[in-house]
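A.B. asks: Right, I'll just put the structure down here and ask away after.
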Amino acid sequence: LQASFPGSLVVVEGRTGESGLMLLAAHSDRAPVDYFLFDAQARRASHLASRRSWIDPERTARVEPFTLQARDGLELHGYLTLPVGLEPKGLPMVVMPHGGPFNIADLWGFDEEAQLLASQGWAVLQVNFRGSGNRGRSFVLAGYRQWGAAMQDDVTDATRWAIEQGIADAGMTNQTIYEIRRSDVTRSAYDRARESFDAVGKEVEGLLHRAWGRD
């Protein structure tokens, strides 16, 4: 079944009893999820719907996994989103750590923020630093009491790795973390911010259509 969807990760979202029908979700790095109805008896999949079907995967960026060793020898994994049509050499790069920080992980797939940056010519690096999820309990525990210490060093080491590999331009690399906490602002300030974000969201939606929309 997986071989029938090259370039995608297929997940069974649900199934019926005796009829042998399954709801499949096909995830990829180039487009949001596609849903299919699979008839196990007939061995046939029928397309049902696509999330943001207007996105043309030929115009979006590929996401490449990478592995490196941190300065203390711990193995780290992450993903690079690389701009379409540009050689991965000397690119401006944004480092985009995930939130949490514990038990959260960046995964291979379609990331709207990374894709938006890549559409403007930026490489985007996402590393699962110690404490991240999806690597087992010992990896999570390795991040305990390391917030701002070895955890931050992992992000720095991944950035230096990308520069040493020649992928990123050392003079045009930003380590960025965006986090908004409702508890940090008053209700009225939050409401004003929410209105601003909604307005920006509409502008971003238009930008996404121009960047990835089908002709």
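Residues in the structure tokens are numbered from 1 in each chain, the chains being A, B, ... in the order shown, and ligands are numbered from 1 in the order shown.
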Quick one: residues within 8 Å of range 69-83 of chain A, only C-alpha atoms counted, chain neighbours fewer than 4 positions away excluded, as JSON, numbers by chain?

C.D. replies: {"A": [60, 61, 62, 63, 64, 65, 88, 106, 107, 108, 114, 115, 118, 119, 120, 121, 122, 123, 124, 125, 126, 127, 128, 129, 130, 153, 154, 157, 158]}

A.B. asks: From chain A, collect each residue whose DSSP state is helix (DSSP H, G or I) and return the set as JSON, numbers by chain.

C.D. replies: {"A": [2, 3, 4, 57, 58, 59, 112, 113, 114, 115, 116, 117, 118, 119, 137, 138, 139, 140, 141, 150, 151, 152, 153, 154, 155, 156, 157, 158, 159, 160, 161, 162, 163, 164, 182, 183, 184, 187, 188, 189, 190, 191, 192, 193, 194, 195, 196, 197, 198, 199, 200, 201, 202, 203, 204, 205, 206, 207, 208, 209, 210, 211, 212]}

A.B. asks: Quick one: distance from CA of Val10 in chain A to CA of Arg59 in chain A in Å, one decimal?

C.D. replies: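 So the two atoms, CA of Val10 in chain A and CA of Arg59 in chain A, lie 21.8 Å apart.
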
A.B. asks: Expressed in Å to a single decimal, how great is the separation between CA of Leu23 in chain A and CA of Gly136 in chain A?

C.D. replies: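 Those two atoms sit 28.8 Å apart.
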
A.B. asks: Give the answer as one residue: which of A:Ala49, A:Leu24, A:Ile167, A:Ala105 has the shortest atom-to-atom distance to Phe139 in chain A, using only C-alpha atoms?

C.D. replies: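 Looking only at the distances to Phe139 in chain A, the closest residue turns out to be A:Ala105.
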